[in-house]
$ cat my_file13.pdb   # PDB, C-alpha atoms, pLDDT in the B column
ATOM      1  CA  MET Q  25       4.224 -25.075   9.187  1.00 40.00           C
ATOM      2  CA  PHE Q  26       5.945 -21.709   8.758  1.00 41.00           C
ATOM      3  CA  MET Q  27       3.022 -19.799  10.247  1.00 43.00           C
ATOM      4  CA  LEU Q  28       3.099 -22.140  13.245  1.00 44.00           C
ATOM      5  CA  ALA Q  29       6.831 -21.501  13.547  1.00 40.00           C
ATOM      6  CA  SER Q  30       6.211 -17.800  14.099  1.00 41.00           C
ATOM      7  CA  LEU Q  31       3.451 -18.216  16.665  1.00 51.00           C
ATOM      8  CA  PRO Q  32       5.638 -17.832  19.773  1.00 52.00           C
ATOM      9  CA  ILE Q  33       5.620 -14.082  19.048  1.00 50.00           C
ATOM     10  CA  LEU Q  34       1.901 -14.144  19.818  1.00 52.00           C
ATOM     11  CA  CYS Q  35       2.583 -14.756  23.515  1.00 53.00           C
ATOM     12  CA  LEU Q  36       4.979 -11.868  24.036  1.00 52.00           C
ATOM     13  CA  PRO Q  37       2.499  -8.957  24.071  1.00 48.00           C
ATOM     14  CA  GLU Q  38       0.778 -10.663  27.008  1.00 53.00           C
ATOM     15  CA  CYS Q  39       4.092 -10.829  28.865  1.00 48.00           C
ATOM     16  CA  ASP Q  40       4.815  -7.195  27.937  1.00 52.00           C
ATOM     17  CA  SER Q  41       1.427  -5.956  29.127  1.00 54.00           C
ATOM     18  CA  ASN Q  42       2.050  -7.685  32.455  1.00 52.00           C
ATOM     19  CA  ARG Q  43       5.584  -6.208  32.555  1.00 53.00           C
ATOM     20  CA  VAL Q  44       7.265  -9.613  32.573  1.00 59.00           C
ATOM     21  CA  LEU Q  45      10.480 -10.709  30.864  1.00 61.00           C
ATOM     22  CA  HIS Q  46      10.346 -14.470  30.328  1.00 54.00           C
ATOM     23  CA  ARG Q  47      14.133 -14.725  29.854  1.00 65.00           C
ATOM     24  CA  ASP Q  48      14.146 -18.416  28.887  1.00 70.00           C
ATOM     25  CA  LEU Q  49      12.196 -18.787  25.673  1.00 73.00           C
ATOM     26  CA  LYS Q  50      13.115 -21.965  23.806  1.00 71.00           C
ATOM     27  CA  PRO Q  51      11.156 -24.651  21.952  1.00 71.00           C
ATOM     28  CA  GLN Q  52      10.920 -26.809  25.084  1.00 68.00           C
ATOM     29  CA  ASN Q  53       9.031 -24.010  26.872  1.00 67.00           C
ATOM     30  CA  LEU Q  54       6.305 -23.736  24.232  1.00 69.00           C
ATOM     31  CA  LEU Q  55       3.214 -25.837  24.816  1.00 61.00           C
ATOM     32  CA  ILE Q  56       1.005 -26.336  21.770  1.00 70.00           C
ATOM     33  CA  ASP Q  57      -2.420 -27.958  22.072  1.00 68.00           C
ATOM     34  CA  ARG Q  58      -2.958 -29.322  18.586  1.00 70.00           C
ATOM     35  CA  SER Q  59      -6.695 -29.893  19.143  1.00 72.00           C
ATOM     36  CA  SER Q  60      -7.384 -26.225  19.897  1.00 64.00           C
ATOM     37  CA  ASN Q  61      -4.255 -24.662  18.333  1.00 62.00           C
ATOM     38  CA  ALA Q  62      -3.656 -22.950  21.680  1.00 64.00           C
ATOM     39  CA  LEU Q  63      -0.094 -21.888  22.428  1.00 63.00           C
ATOM     40  CA  LYS Q  64       1.139 -21.358  25.959  1.00 66.00           C
ATOM     41  CA  LEU Q  65       4.476 -20.352  27.414  1.00 64.00           C
ATOM     42  CA  ALA Q  66       5.863 -22.552  30.166  1.00 57.00           C
ATOM     43  CA  ASP Q  67       8.638 -22.371  32.751  1.00 57.00           C
ATOM     44  CA  PHE Q  68       8.625 -18.866  34.146  1.00 55.00           C
ATOM     45  CA  GLY Q  69      11.399 -19.806  36.603  1.00 50.00           C
ATOM     46  CA  LEU Q  70      13.778 -17.151  35.214  1.00 58.00           C
ATOM     47  CA  ALA Q  71      11.046 -14.574  34.516  1.00 53.00           C
ATOM     48  CA  ARG Q  72      11.340 -11.146  36.128  1.00 55.00           C
ATOM     49  CA  ALA Q  73       9.174  -8.076  36.370  1.00 56.00           C
ATOM     50  CA  PHE Q  74      10.557  -5.057  34.575  1.00 58.00           C
ATOM     51  CA  GLY Q  75       9.826  -1.369  34.663  1.00 54.00           C
ATOM     52  CA  ILE Q  76      11.041   2.005  35.764  1.00 41.00           C
ATOM     53  CA  PRO Q  77      13.552   2.371  37.275  1.00 43.00           C
ATOM     54  CA  VAL Q  78      15.546   0.046  35.052  1.00 44.00           C
ATOM     55  CA  ARG Q  79      16.769  -2.891  37.090  1.00 47.00           C
ATOM     56  CA  THR Q  80      20.092  -4.613  36.788  1.00 49.00           C
ATOM     57  CA  PHE Q  81      19.695  -8.221  35.668  1.00 47.00           C
ATOM     58  CA  THR Q  82      22.120 -11.116  35.555  1.00 48.00           C
ATOM     59  CA  HIS Q  83      23.430 -12.393  32.241  1.00 50.00           C
ATOM     60  CA  GLU Q  84      23.073 -16.019  33.415  1.00 55.00           C
ATOM     61  CA  VAL Q  85      19.684 -16.398  31.738  1.00 54.00           C
ATOM     62  CA  VAL Q  86      18.250 -17.810  28.555  1.00 57.00           C
ATOM     63  CA  THR Q  87      19.404 -21.111  27.143  1.00 79.00           C
ATOM     64  CA  LEU Q  88      22.583 -20.340  25.202  1.00 89.00           C
ATOM     65  CA  TRP Q  89      21.242 -20.935  21.668  1.00 93.00           C
ATOM     66  CA  TYR Q  90      18.430 -18.393  22.209  1.00 91.00           C
ATOM     67  CA  ARG Q  91      20.391 -15.784  24.193  1.00 91.00           C
ATOM     68  CA  ALA Q  92      20.393 -12.241  22.807  1.00 94.00           C
ATOM     69  CA  PRO Q  93      23.732 -10.647  21.880  1.00 97.00           C
ATOM     70  CA  GLU Q  94      23.361  -7.847  24.426  1.00 96.00           C
ATOM     71  CA  ILE Q  95      23.293 -10.465  27.198  1.00 92.00           C
ATOM     72  CA  LEU Q  96      26.214 -12.377  25.684  1.00 96.00           C
ATOM     73  CA  LEU Q  97      28.167  -9.102  25.601  1.00 97.00           C
ATOM     74  CA  GLY Q  98      27.611  -8.588  29.320  1.00 93.00           C
ATOM     75  CA  SER Q  99      24.806  -6.027  29.448  1.00 90.00           C
ATOM     76  CA  HIS Q 100      23.068  -5.972  32.819  1.00 82.00           C
ATOM     77  CA  HIS Q 101      20.344  -3.598  31.612  1.00 79.00           C
ATOM     78  CA  TYR Q 102      18.064  -5.300  29.136  1.00 76.00           C
ATOM     79  CA  SER Q 103      14.375  -5.537  28.465  1.00 79.00           C
ATOM     80  CA  THR Q 104      11.755  -7.088  26.192  1.00 82.00           C
ATOM     81  CA  PRO Q 105      13.972  -7.240  23.080  1.00 89.00           C
ATOM     82  CA  VAL Q 106      15.762 -10.242  24.642  1.00 88.00           C
ATOM     83  CA  ASP Q 107      12.539 -12.248  24.413  1.00 86.00           C
ATOM     84  CA  VAL Q 108      11.919 -11.088  20.835  1.00 90.00           C
ATOM     85  CA  TRP Q 109      15.442 -12.274  19.927  1.00 94.00           C
ATOM     86  CA  SER Q 110      14.688 -15.695  21.422  1.00 90.00           C
ATOM     87  CA  VAL Q 111      11.473 -15.947  19.413  1.00 89.00           C
ATOM     88  CA  GLY Q 112      13.401 -15.082  16.249  1.00 94.00           C
ATOM     89  CA  CYS Q 113      15.820 -17.929  16.977  1.00 94.00           C
ATOM     90  CA  ILE Q 114      12.908 -20.318  17.580  1.00 89.00           C
ATOM     91  CA  PHE Q 115      11.187 -19.151  14.382  1.00 90.00           C
ATOM     92  CA  ALA Q 116      14.302 -19.865  12.291  1.00 95.00           C
ATOM     93  CA  GLU Q 117      14.818 -23.201  14.026  1.00 93.00           C
ATOM     94  CA  MET Q 118      11.274 -24.351  13.334  1.00 87.00           C
ATOM     95  CA  VAL Q 119      11.570 -23.378   9.675  1.00 93.00           C
ATOM     96  CA  ASN Q 120      15.045 -24.909   9.181  1.00 95.00           C
ATOM     97  CA  GLN Q 121      14.417 -27.887  11.492  1.00 94.00           C
ATOM     98  CA  ARG Q 122      17.714 -27.160  13.246  1.00 96.00           C
ATOM     99  CA  PRO Q 123      19.008 -24.460  15.613  1.00 96.00           C
ATOM    100  CA  LEU Q 124      20.179 -21.233  14.009  1.00 98.00           C
ATOM    101  CA  PHE Q 125      22.989 -20.465  16.473  1.00 98.00           C
ATOM    102  CA  PRO Q 126      24.002 -23.753  18.204  1.00 97.00           C
ATOM    103  CA  GLY Q 127      26.969 -22.456  20.181  1.00 96.00           C
ATOM    104  CA  ASP Q 128      28.731 -24.566  22.793  1.00 94.00           C
ATOM    105  CA  SER Q 129      30.080 -21.627  24.826  1.00 94.00           C
ATOM    106  CA  GLU Q 130      29.260 -17.937  25.140  1.00 95.00           C
ATOM    107  CA  ILE Q 131      32.061 -16.894  22.786  1.00 97.00           C
ATOM    108  CA  ASP Q 132      31.151 -19.621  20.281  1.00 97.00           C
ATOM    109  CA  GLU Q 133      27.528 -18.463  20.452  1.00 97.00           C
ATOM    110  CA  LEU Q 134      28.559 -14.850  19.790  1.00 98.00           C
ATOM    111  CA  PHE Q 135      30.725 -15.873  16.853  1.00 99.00           C
ATOM    112  CA  LYS Q 136      27.930 -18.007  15.357  1.00 99.00           C
ATOM    113  CA  ILE Q 137      25.665 -14.946  15.556  1.00 99.00           C
ATOM    114  CA  PHE Q 138      28.307 -12.632  14.085  1.00 99.00           C
ATOM    115  CA  ARG Q 139      29.092 -15.039  11.222  1.00 99.00           C
ATOM    116  CA  ILE Q 140      25.475 -14.719  10.069  1.00 99.00           C
ATOM    117  CA  LEU Q 141      24.460 -11.203  11.136  1.00 99.00           C
ATOM    118  CA  GLY Q 142      27.869  -9.532  10.931  1.00 99.00           C
ATOM    119  CA  THR Q 143      30.157  -8.296  13.681  1.00 99.00           C
ATOM    120  CA  PRO Q 144      28.634  -5.177  15.236  1.00 99.00           C
ATOM    121  CA  ASN Q 145      30.437  -1.856  15.469  1.00 98.00           C
ATOM    122  CA  GLU Q 146      29.525   1.655  16.604  1.00 98.00           C
ATOM    123  CA  ASP Q 147      27.878   2.382  13.236  1.00 98.00           C
ATOM    124  CA  THR Q 148      25.580  -0.643  13.316  1.00 98.00           C
ATOM    125  CA  TRP Q 149      24.991  -0.695  17.084  1.00 98.00           C
ATOM    126  CA  PRO Q 150      25.828   2.527  18.923  1.00 98.00           C
ATOM    127  CA  GLY Q 151      27.269   1.756  22.352  1.00 97.00           C
ATOM    128  CA  VAL Q 152      28.217  -1.846  21.592  1.00 98.00           C
ATOM    129  CA  THR Q 153      31.928  -1.237  22.165  1.00 98.00           C
ATOM    130  CA  SER Q 154      31.141  -0.071  25.708  1.00 98.00           C
ATOM    131  CA  LEU Q 155      29.509  -3.359  26.701  1.00 98.00           C
ATOM    132  CA  PRO Q 156      31.623  -5.240  29.276  1.00 96.00           C
ATOM    133  CA  ASP Q 157      32.409  -8.286  27.137  1.00 97.00           C
ATOM    134  CA  PHE Q 158      32.857  -6.602  23.750  1.00 98.00           C
ATOM    135  CA  LYS Q 159      36.384  -6.977  22.394  1.00 98.00           C
ATOM    136  CA  SER Q 160      37.800  -4.859  19.585  1.00 97.00           C
ATOM    137  CA  ALA Q 161      39.781  -7.964  18.564  1.00 98.00           C
ATOM    138  CA  PHE Q 162      36.599  -9.861  17.612  1.00 98.00           C
ATOM    139  CA  PRO Q 163      36.850 -11.151  14.025  1.00 98.00           C
ATOM    140  CA  LYS Q 164      35.077  -8.823  11.586  1.00 98.00           C
ATOM    141  CA  TRP Q 165      32.412 -10.772   9.697  1.00 99.00           C
ATOM    142  CA  ALA Q 166      30.118  -9.218   7.096  1.00 98.00           C
ATOM    143  CA  PRO Q 167      26.408 -10.017   7.385  1.00 98.00           C
ATOM    144  CA  LYS Q 168      24.965 -12.802   5.244  1.00 98.00           C
ATOM    145  CA  ASP Q 169      21.702 -12.583   3.342  1.00 98.00           C
ATOM    146  CA  LEU Q 170      19.133 -14.292   5.613  1.00 97.00           C
ATOM    147  CA  ALA Q 171      17.515 -15.797   2.511  1.00 98.00           C
ATOM    148  CA  THR Q 172      20.595 -18.025   2.205  1.00 98.00           C
ATOM    149  CA  VAL Q 173      20.395 -18.997   5.877  1.00 98.00           C
ATOM    150  CA  VAL Q 174      16.648 -19.714   5.957  1.00 98.00           C
ATOM    151  CA  PRO Q 175      16.105 -20.516   2.261  1.00 97.00           C
ATOM    152  CA  THR Q 176      12.566 -21.906   2.450  1.00 95.00           C
ATOM    153  CA  LEU Q 177      11.083 -18.848   4.155  1.00 94.00           C
ATOM    154  CA  GLU Q 178       9.083 -16.504   1.935  1.00 93.00           C
ATOM    155  CA  PRO Q 179       9.950 -12.766   1.734  1.00 96.00           C
ATOM    156  CA  ALA Q 180       7.450 -11.591   4.377  1.00 94.00           C
ATOM    157  CA  GLY Q 181       8.753 -14.219   6.797  1.00 94.00           C
ATOM    158  CA  LEU Q 182      12.344 -13.211   6.087  1.00 97.00           C
ATOM    159  CA  ASP Q 183      11.459  -9.580   6.764  1.00 97.00           C
ATOM    160  CA  LEU Q 184       9.842 -10.513  10.087  1.00 95.00           C
ATOM    161  CA  LEU Q 185      12.772 -12.739  11.051  1.00 97.00           C
ATOM    162  CA  SER Q 186      15.257 -10.019  10.137  1.00 98.00           C
ATOM    163  CA  SER Q 187      13.411  -7.517  12.319  1.00 97.00           C
ATOM    164  CA  MET Q 188      13.473  -9.929  15.289  1.00 96.00           C
ATOM    165  CA  LEU Q 189      17.185 -10.700  14.881  1.00 98.00           C
ATOM    166  CA  ARG Q 190      18.592  -7.173  14.824  1.00 98.00           C
ATOM    167  CA  LEU Q 191      21.833  -7.082  16.772  1.00 99.00           C
ATOM    168  CA  ASP Q 192      21.037  -3.662  18.262  1.00 98.00           C
ATOM    169  CA  PRO Q 193      18.163  -4.279  20.697  1.00 97.00           C
ATOM    170  CA  SER Q 194      16.865  -0.734  20.179  1.00 97.00           C
ATOM    171  CA  LYS Q 195      16.285  -1.593  16.495  1.00 98.00           C
ATOM    172  CA  ARG Q 196      14.586  -4.943  17.152  1.00 96.00           C
ATOM    173  CA  ILE Q 197      10.875  -5.105  16.391  1.00 95.00           C
ATOM    174  CA  THR Q 198       8.544  -5.077  19.393  1.00 89.00           C
ATOM    175  CA  ALA Q 199       6.237  -8.013  19.992  1.00 84.00           C
ATOM    176  CA  ARG Q 200       3.185  -5.834  19.416  1.00 83.00           C
ATOM    177  CA  SER Q 201       4.559  -4.488  16.124  1.00 90.00           C
ATOM    178  CA  ALA Q 202       5.441  -8.028  15.055  1.00 86.00           C
ATOM    179  CA  LEU Q 203       1.779  -8.998  15.393  1.00 82.00           C
ATOM    180  CA  GLU Q 204       0.917  -6.258  12.909  1.00 86.00           C
ATOM    181  CA  HIS Q 205       3.555  -7.470  10.446  1.00 90.00           C
ATOM    182  CA  GLU Q 206       2.526  -8.380   6.909  1.00 91.00           C
ATOM    183  CA  TYR Q 207       3.500 -11.997   7.639  1.00 88.00           C
ATOM    184  CA  PHE Q 208       0.383 -12.375   9.806  1.00 81.00           C
ATOM    185  CA  LYS Q 209      -2.047 -10.659   7.421  1.00 81.00           C
ATOM    186  CA  ASP Q 210      -3.832 -13.886   6.457  1.00 75.00           C
ATOM    187  CA  ILE Q 211      -4.462 -15.278   9.922  1.00 68.00           C
ATOM    188  CA  LYS Q 212      -7.059 -14.308  12.460  1.00 62.00           C
ATOM    189  CA  LEU Q 213      -5.525 -13.806  15.871  1.00 59.00           C
ATOM    190  CA  VAL Q 214      -7.665 -14.814  18.823  1.00 56.00           C
ATOM    191  CA  PRO Q 215      -6.595 -13.653  22.297  1.00 54.00           C
TER     192      PRO Q 215
END
$ encode --input "my_file13.pdb" --output "structure tokens"
Amino acid sequence: MFMLASLPILCLPECDSNRVLHRDLKPQNLLIDRSSNALKLADFGLARAFGIPVRTFTHEVVTLWYRAPEILLGSHHYSTPVDVWSVGCIFAEMVNQRPLFPGDSEIDELFKIFRILGTPNEDTWPGVTSLPDFKSAFPKWAPKDLATVVPTLEPAGLDLLSSMLRLDPSKRITARSALEHEYFKDIKLVP
């Protein structure tokens, strides 16, 4: 079950190589054929091509519970780490059998993230205080140990999850690097 929970990451390198941001990854957009174990991404309605020069994107994307913090904080310049964040949220949800960050508004979503991962600052995420919707008055939460949040996940899975859920998008693992993670060492990946 846990290996299956992490499989959405397998689709992202294909999106990356085609220079596509999905921008709406959530469990409902994952199609799994149990007879062949094939996994497909669905609903590319919010997908956009990305590249150089960096384009400005809207923050009205990604179902709230899977939305990356840089989008919630008003960044208009984002890239593939937003999809990796979404996959991390899906991974945790599949393991826990419930959403990791079930916010009911953008601020509630941010605070649910901060309560688990800690409130970012310039030391943990350089440039965060310059994002349009960052407020210095945000409550200051310390990060929790992910092992207490996703208690049934083994150490390699926790390490992978932690690398997908980095607040600073520049420190988030890439989809391609995630495929090379120790967590996948015992499975054969077929394109």
$ residues_around --input "my_file13.pdb" --residues "Val152 in chain Q" --least-positions-apart "2" --cutoff "12 Å" --atoms "only C-alpha atoms" --output "PyMOL selection string"
chain Q and resi 93-99+143-150+154-160+191-194
$ closest_residue --input "my_file13.pdb" --among "Q:Ser103, Q:Phe162, Q:Gly142, Q:Thr176" --to "Val119 in chain Q" --atoms "all atoms listed in the file"
Q:Thr176
$ atom_distance --input "my_file13.pdb" --atom1 "CA of Pro167 in chain Q" --atom2 "CA of Lys50 in chain Q"
24.3 Å
$ closest_residue --input "my_file13.pdb" --among "Q:Asp128, Q:Asp169, Q:Asp183, Q:Glu178" --to "Gly112 in chain Q" --atoms "all atoms listed in the file"
Q:Asp183
$ residues_near_point --input "my_file13.pdb" --point "(13.6, -24.4, 8.8)" --cutoff "12 Å" --atoms "all atoms listed in the file" --output "ChimeraX atom specification"
/Q:25-30,112-124,170-178,181-182,185
$ atom_distance --input "my_file13.pdb" --atom1 "CA of Glu133 in chain Q" --atom2 "CA of Trp89 in chain Q"
6.9 Å
$ closest_residue --input "my_file13.pdb" --among "Q:Ile197, Q:Ala166, Q:Leu49, Q:Leu203" --to "Phe135 in chain Q" --atoms "only C-alpha atoms"
Q:Ala166
$ atom_distance --input "my_file13.pdb" --atom1 "CA of Arg190 in chain Q" --atom2 "CA of Trp109 in chain Q"
7.9 Å
$ residues_around --input "my_file13.pdb" --residues "Lys136 in chain Q" --least-positions-apart "3" --cutoff "8 Å" --atoms "all atoms listed in the file" --output "PDB file with C-alpha atoms, in the frame of the given file"
ATOM      1  CA  PHE Q 125      22.989 -20.465  16.473  1.00 98.00           C
ATOM      2  CA  PRO Q 126      24.002 -23.753  18.204  1.00 97.00           C
ATOM      3  CA  GLY Q 127      26.969 -22.456  20.181  1.00 96.00           C
ATOM      4  CA  ASP Q 132      31.151 -19.621  20.281  1.00 97.00           C
ATOM      5  CA  GLU Q 133      27.528 -18.463  20.452  1.00 97.00           C
ATOM      6  CA  ARG Q 139      29.092 -15.039  11.222  1.00 99.00           C
ATOM      7  CA  ILE Q 140      25.475 -14.719  10.069  1.00 99.00           C
TER       8      ILE Q 140
END
$ closest_residue --input "my_file13.pdb" --among "Q:Ala202, Q:Pro51, Q:Val106, Q:Ser187" --to "Leu141 in chain Q" --atoms "only C-alpha atoms"
Q:Ser187
$ resolve_selection --input "my_file13.pdb" --expression "the PyMOL selection byres ((chain Q and resi 201) around 12)" --output "list in words"
Ile33, Leu34, Leu36, Pro37, Val108, Leu184, Ser187, Met188, Arg196, Ile197, Thr198, Ala199, Arg200, Ala202, Leu203, Glu204, His205, Glu206, Tyr207 and Phe208 of chain Q
